Amino acid sequence: MKKGLKVVTIGGGSSYTPELIEGFINFHKELPINELWLVDIEDGKEKLEIVGNLAKRMVEKAGIPIEIYLSLDRKEALRSADFVTTQFRVGQLAARELDERIPLSHGVLGQETNGPGGLFKALRTIPVILDICREMEEVCPNAWLINFTNPAGMVTEAVFRYSNIQKVVGLCNVPIGMEMGVAKLLDIDHDRVRIDFAGLNHMVFGLNVYVDGVSVKDQVIDLLTDPEKSITMQNIHVMGWEPEFLKALDVLPCPYHHYYYKSGEMLEKELENFKEGGTRAEVVRKLEKDLFNLYKDPNLSIKPPQLEKRGGAYYSESAVRLIHSIYTDRRDIQAVNTMNKGAITGLPYDSAVEVSCMITKDGPKPLAVGELPIAVNGLVQQIKSFERTAIEAAISGNYGKALLAMTINPLVPSDRVARVILNEMLEAHKRYLPQFFS
Ligand code: G6P
């Protein structure tokens, strides 16, 4: 093992970076990072400087010997990295706003990782992640790529199917958020809770729930039939489940399942917000403005609590736990996005799944799930069809494939509506979609 680790974070100017820094500080004894490179693009330079200076103050205050470098030269920054983390948003918040607003203007759900928004985020992001992979091949071919960039499942799958970088793991905070949510429901410590996760990113189910190794799934489902109780995320308007539905489902849905099992109500709520001028992107824009004003304060040297208003809660904890377990060959169990390799029967061998895995120094080893319960298998299959078609569209720039992906998405009502939204979104995002316009 070499002495100090070099970590490179692409999208380092993100408002989420202080989360990651806090995690690296708290875990420094076990995870001896000595170089952290925060990388961004020219358009993100100002944010990078503000957040980078805060990061420097944070490590200084903590007395931790992590040297922080800020860079706009991605390839140079990547040289000899041990871990590369990606948390970038192609087109920044303005693109997210379009992903949310255009579908809503046609009466279709507008969400950044689901439905048409998720498709377009994938179309913009996949070519960029593949560029990053090509650079990694040249300057840090042995590094691990830890991808947080959404849509995390599709982006991760594109990497292992269409690049030579195979040491890749996709990470989302939904699994840890669900475990924290169960701990809160039961009023116990988080580390006593374990959930067997299986499904896809933002489409993951808790097949069983344990406290100290004893199943409490029925008790948790019972608690969640109370409309006052829920497992929430800041970015999703969570509503209570129909009690009989939840009991019959017999597994724990994730907060994103609201978009599928409560599509009518969720759409109504989003349309209401849209008409008042406030989709999630606008809420986040205001939050970001306040956050960056705080970050600028030279007296601030900790992660401000206001960051918890973002949807990415616990993200630092899961990121650092994952990197630590790979680095130390810890062989503990964490839910990540990785190649299925037969763990979930009926999904392609080489598809990304979000599943409980043993985390080793050569990556996640998915735990065998077998068949998903029949009641949820259909939706998971349909979303996987959408994801694979969307990835093919992102790589080929083929209009027909993009239309197919949009149409088979369960949140889009018909091929005609799909075409209208597709055309408008292609035009709106033109500068980030060269593959469709060359
Ligand atoms: C959740 C999701 C993330 C997503 C975030 C959005 O945490 O799991 O994938 O990026 O919400 O939060 P935001 O505050 O940007 O709406």
# chains A, B, ... in the order shown; residues from 1 in each chain; ligands from 1
call {"tool": "select_by_dssp", "arguments": {"residues": "stretch 173-318 of chain A", "states": "strand (DSSP E or B)", "output": "PyMOL selection string"}}
result
chain A and resi 193-200+203-211+214-215+252
call {"tool": "residues_near_ligand", "arguments": {"ligand": "ligand 1", "cutoff": "6 Å", "atoms": "only C-alpha atoms and all ligand atoms", "output": "PDB file with N, CA and C atoms, in the first residue's frame"}}
result
ATOM      1  N   ASN A 150     -25.381  11.863 -11.789  1.00  0.00           N
ATOM      2  CA  ASN A 150     -26.664  11.298 -12.192  1.00  0.00           C
ATOM      3  C   ASN A 150     -26.867  11.363 -13.691  1.00  0.00           C
ATOM      4  N   CYS A 172     -25.008   6.140  -4.829  1.00  0.00           N
ATOM      5  CA  CYS A 172     -26.164   7.010  -4.601  1.00  0.00           C
ATOM      6  C   CYS A 172     -26.436   7.036  -3.104  1.00  0.00           C
ATOM      7  N   ASN A 173     -27.068   8.100  -2.643  1.00  0.00           N
ATOM      8  CA  ASN A 173     -27.343   8.176  -1.207  1.00  0.00           C
ATOM      9  C   ASN A 173     -28.702   7.600  -0.830  1.00  0.00           C
ATOM     10  N   VAL A 174     -29.458   7.066  -1.814  1.00  0.00           N
ATOM     11  CA  VAL A 174     -30.783   6.532  -1.477  1.00  0.00           C
ATOM     12  C   VAL A 174     -30.675   5.335  -0.511  1.00  0.00           C
ATOM     13  N   ASN A 235     -35.446  16.329  -1.621  1.00  0.00           N
ATOM     14  CA  ASN A 235     -35.798  16.765  -2.972  1.00  0.00           C
ATOM     15  C   ASN A 235     -37.089  16.130  -3.490  1.00  0.00           C
ATOM     16  N   ARG A 280     -37.922  22.079  -8.763  1.00  0.00           N
ATOM     17  CA  ARG A 280     -36.820  21.818  -7.820  1.00  0.00           C
ATOM     18  C   ARG A 280     -35.558  22.622  -8.213  1.00  0.00           C
ATOM     19  N   VAL A 284     -33.327  24.790  -5.754  1.00  0.00           N
ATOM     20  CA  VAL A 284     -31.898  24.525  -5.572  1.00  0.00           C
ATOM     21  C   VAL A 284     -31.071  25.769  -5.919  1.00  0.00           C
ATOM     22  N   ARG A 310     -30.290  20.103   0.922  1.00  0.00           N
ATOM     23  CA  ARG A 310     -30.172  19.471  -0.391  1.00  0.00           C
ATOM     24  C   ARG A 310     -30.509  17.979  -0.279  1.00  0.00           C
ATOM     25  N   GLY A 311     -30.839  17.389  -1.441  1.00  0.00           N
ATOM     26  CA  GLY A 311     -31.244  15.979  -1.442  1.00  0.00           C
ATOM     27  C   GLY A 311     -30.118  15.000  -1.142  1.00  0.00           C
ATOM     28  N   GLY A 312     -28.882  15.475  -1.180  1.00  0.00           N
ATOM     29  CA  GLY A 312     -27.742  14.532  -1.097  1.00  0.00           C
ATOM     30  C   GLY A 312     -27.303  14.175   0.307  1.00  0.00           C
TER      31      GLY A 312
END
call {"tool": "select_by_dssp", "arguments": {"residues": "stretch 109-342 of chain A", "states": "helix (DSSP H, G or I)", "output": "PyMOL selection string"}}
result
chain A and resi 115-139+152-162+174-186+190-192+217-224+243-249+255-261+263-275+280-296+305-309+315-328
call {"tool": "closest_atom_pairs", "arguments": {"of": "stretch 211-329 of chain A", "to": "stretch 356-373 of chain A", "cutoff": "8 Å", "atoms": "only C-alpha atoms", "output": "tab-separated table"}}
result
residue	atom	partner	partner_atom	distance
A:Leu322	CA	A:Ile359	CA	7.4
A:Ser325	CA	A:Ile359	CA	6.0
A:Ile326	CA	A:Lys361	CA	4.4
A:Tyr327	CA	A:Lys361	CA	5.9
A:Thr328	CA	A:Lys361	CA	6.7
A:Asp329	CA	A:Lys361	CA	4.3
call {"tool": "write_last_selection", "arguments": {"atoms": "N, CA and C atoms", "output": "compact mmCIF listing (two decimals), in the first residue's frame"}}
result
# COMPACT_ATOMS: atom_id res chain seq x y z
N LEU A 322 -17.30 3.78 1.14
CA LEU A 322 -17.00 2.95 -0.04
C LEU A 322 -15.51 3.00 -0.38
N SER A 325 -13.52 1.07 2.16
CA SER A 325 -13.64 -0.40 2.08
C SER A 325 -12.87 -0.96 0.89
N ILE A 326 -12.81 -0.20 -0.21
CA ILE A 326 -12.01 -0.66 -1.35
C ILE A 326 -10.53 -0.60 -0.95
N TYR A 327 -10.15 0.50 -0.35
CA TYR A 327 -8.73 0.72 -0.01
C TYR A 327 -8.23 -0.31 1.00
N THR A 328 -9.08 -0.67 1.97
CA THR A 328 -8.62 -1.58 3.03
C THR A 328 -9.10 -3.01 2.83
N ASP A 329 -9.75 -3.30 1.71
CA ASP A 329 -10.29 -4.64 1.46
C ASP A 329 -11.17 -5.08 2.63
call {"tool": "closest_residue", "arguments": {"among": "A:Tyr295, A:Leu104, A:Ser15, A:Val412", "to": "A:Lys309", "atoms": "only C-alpha atoms"}}
result
A:Ser15
call {"tool": "decode", "arguments": {"residues": "stretch 193-205 of chain A", "atoms": "all heavy atoms", "output": "CSV table (one decimal), in the first residue's frame"}}
result
chain,number,residue,atom,x,y,z
A,193,VAL,N,-29.1,-1.1,11.7
A,193,VAL,CA,-30.0,-1.4,10.7
A,193,VAL,C,-29.3,-2.0,9.4
A,193,VAL,O,-28.3,-1.4,9.0
A,193,VAL,CB,-30.8,-0.2,10.3
A,193,VAL,CG1,-31.8,-0.4,9.1
A,193,VAL,CG2,-31.6,0.4,11.4
A,194,ARG,N,-29.8,-3.0,8.8
A,194,ARG,CA,-29.3,-3.5,7.5
A,194,ARG,C,-30.5,-3.8,6.6
A,194,ARG,O,-31.5,-4.4,7.1
A,194,ARG,CB,-28.4,-4.7,7.7
A,194,ARG,CG,-27.9,-5.3,6.4
A,194,ARG,CD,-26.7,-6.2,6.7
A,194,ARG,NE,-27.2,-7.4,7.4
A,194,ARG,CZ,-27.8,-8.5,6.9
A,194,ARG,NH1,-28.1,-8.5,5.6
A,194,ARG,NH2,-28.1,-9.5,7.6
A,195,ILE,N,-30.3,-3.3,5.4
A,195,ILE,CA,-31.4,-3.6,4.4
A,195,ILE,C,-30.8,-4.4,3.3
A,195,ILE,O,-29.7,-4.1,2.8
A,195,ILE,CB,-32.0,-2.3,3.9
A,195,ILE,CG1,-32.7,-1.5,5.0
A,195,ILE,CG2,-33.1,-2.6,2.8
A,195,ILE,CD1,-33.4,-0.2,4.6
A,196,ASP,N,-31.5,-5.4,2.8
A,196,ASP,CA,-31.1,-6.1,1.6
A,196,ASP,C,-31.6,-5.4,0.4
A,196,ASP,O,-32.9,-5.4,0.2
A,196,ASP,CB,-31.6,-7.6,1.5
A,196,ASP,CG,-31.0,-8.5,2.5
A,196,ASP,OD1,-29.9,-8.2,3.0
A,196,ASP,OD2,-31.6,-9.5,2.8
A,197,PHE,N,-30.7,-4.7,-0.4
A,197,PHE,CA,-31.2,-3.8,-1.5
A,197,PHE,C,-31.1,-4.6,-2.8
A,197,PHE,O,-30.1,-5.3,-3.0
A,197,PHE,CB,-30.3,-2.6,-1.6
A,197,PHE,CG,-30.6,-1.6,-0.5
A,197,PHE,CD1,-29.8,-1.5,0.6
A,197,PHE,CD2,-31.7,-0.8,-0.5
A,197,PHE,CE1,-30.0,-0.6,1.6
A,197,PHE,CE2,-32.0,0.2,0.5
A,197,PHE,CZ,-31.1,0.3,1.5
A,198,ALA,N,-32.1,-4.3,-3.7
A,198,ALA,CA,-32.0,-4.9,-5.0
A,198,ALA,C,-32.9,-4.0,-5.9
A,198,ALA,O,-33.9,-3.6,-5.5
A,198,ALA,CB,-32.4,-6.3,-5.1
A,199,GLY,N,-32.4,-3.8,-7.1
A,199,GLY,CA,-33.1,-3.0,-8.1
A,199,GLY,C,-32.2,-2.2,-8.9
A,199,GLY,O,-31.0,-2.6,-9.2
A,200,LEU,N,-32.6,-1.0,-9.3
A,200,LEU,CA,-31.8,-0.1,-10.1
A,200,LEU,C,-31.7,1.2,-9.4
A,200,LEU,O,-32.4,1.5,-8.4
A,200,LEU,CB,-32.5,0.1,-11.5
A,200,LEU,CG,-32.9,-1.1,-12.2
A,200,LEU,CD1,-33.6,-0.7,-13.5
A,200,LEU,CD2,-31.7,-2.0,-12.6
A,201,ASN,N,-30.8,2.1,-9.8
A,201,ASN,CA,-30.6,3.4,-9.2
A,201,ASN,C,-31.9,4.2,-9.3
A,201,ASN,O,-32.6,4.3,-10.3
A,201,ASN,CB,-29.5,4.1,-9.9
A,201,ASN,CG,-29.3,5.5,-9.3
A,201,ASN,OD1,-29.3,6.5,-9.9
A,201,ASN,ND2,-29.0,5.5,-8.0
A,202,HIS,N,-32.3,4.7,-8.1
A,202,HIS,CA,-33.6,5.5,-8.0
A,202,HIS,C,-34.8,4.6,-8.3
A,202,HIS,O,-35.9,5.0,-8.6
A,202,HIS,CB,-33.6,6.8,-8.8
A,202,HIS,CG,-32.7,7.8,-8.3
A,202,HIS,ND1,-32.5,9.1,-8.8
A,202,HIS,CD2,-31.8,7.8,-7.2
A,202,HIS,CE1,-31.7,9.8,-8.1
A,202,HIS,NE2,-31.2,9.0,-7.1
A,203,MET,N,-34.6,3.3,-8.2
A,203,MET,CA,-35.6,2.3,-8.5
A,203,MET,C,-35.2,1.0,-7.6
A,203,MET,O,-35.4,-0.1,-8.1
A,203,MET,CB,-35.6,2.0,-10.0
A,203,MET,CG,-36.5,0.9,-10.6
A,203,MET,SD,-38.2,1.0,-10.3
A,203,MET,CE,-38.8,2.6,-10.8
A,204,VAL,N,-34.7,1.3,-6.4
A,204,VAL,CA,-34.2,0.2,-5.6
A,204,VAL,C,-35.3,-0.1,-4.5
A,204,VAL,O,-36.0,0.7,-4.1
A,204,VAL,CB,-32.9,0.6,-5.0
A,204,VAL,CG1,-33.0,1.6,-3.8
A,204,VAL,CG2,-32.1,-0.6,-4.5
A,205,PHE,N,-35.3,-1.4,-4.2
A,205,PHE,CA,-36.3,-1.9,-3.2
A,205,PHE,C,-35.5,-2.5,-2.0
A,205,PHE,O,-34.4,-3.0,-2.2
A,205,PHE,CB,-37.2,-3.0,-3.7
A,205,PHE,CG,-38.1,-2.5,-4.8
A,205,PHE,CD1,-37.8,-2.4,-6.1
A,205,PHE,CD2,-39.4,-2.0,-4.4
A,205,PHE,CE1,-38.7,-2.0,-7.1
A,205,PHE,CE2,-40.3,-1.5,-5.3
A,205,PHE,CZ,-39.9,-1.5,-6.7
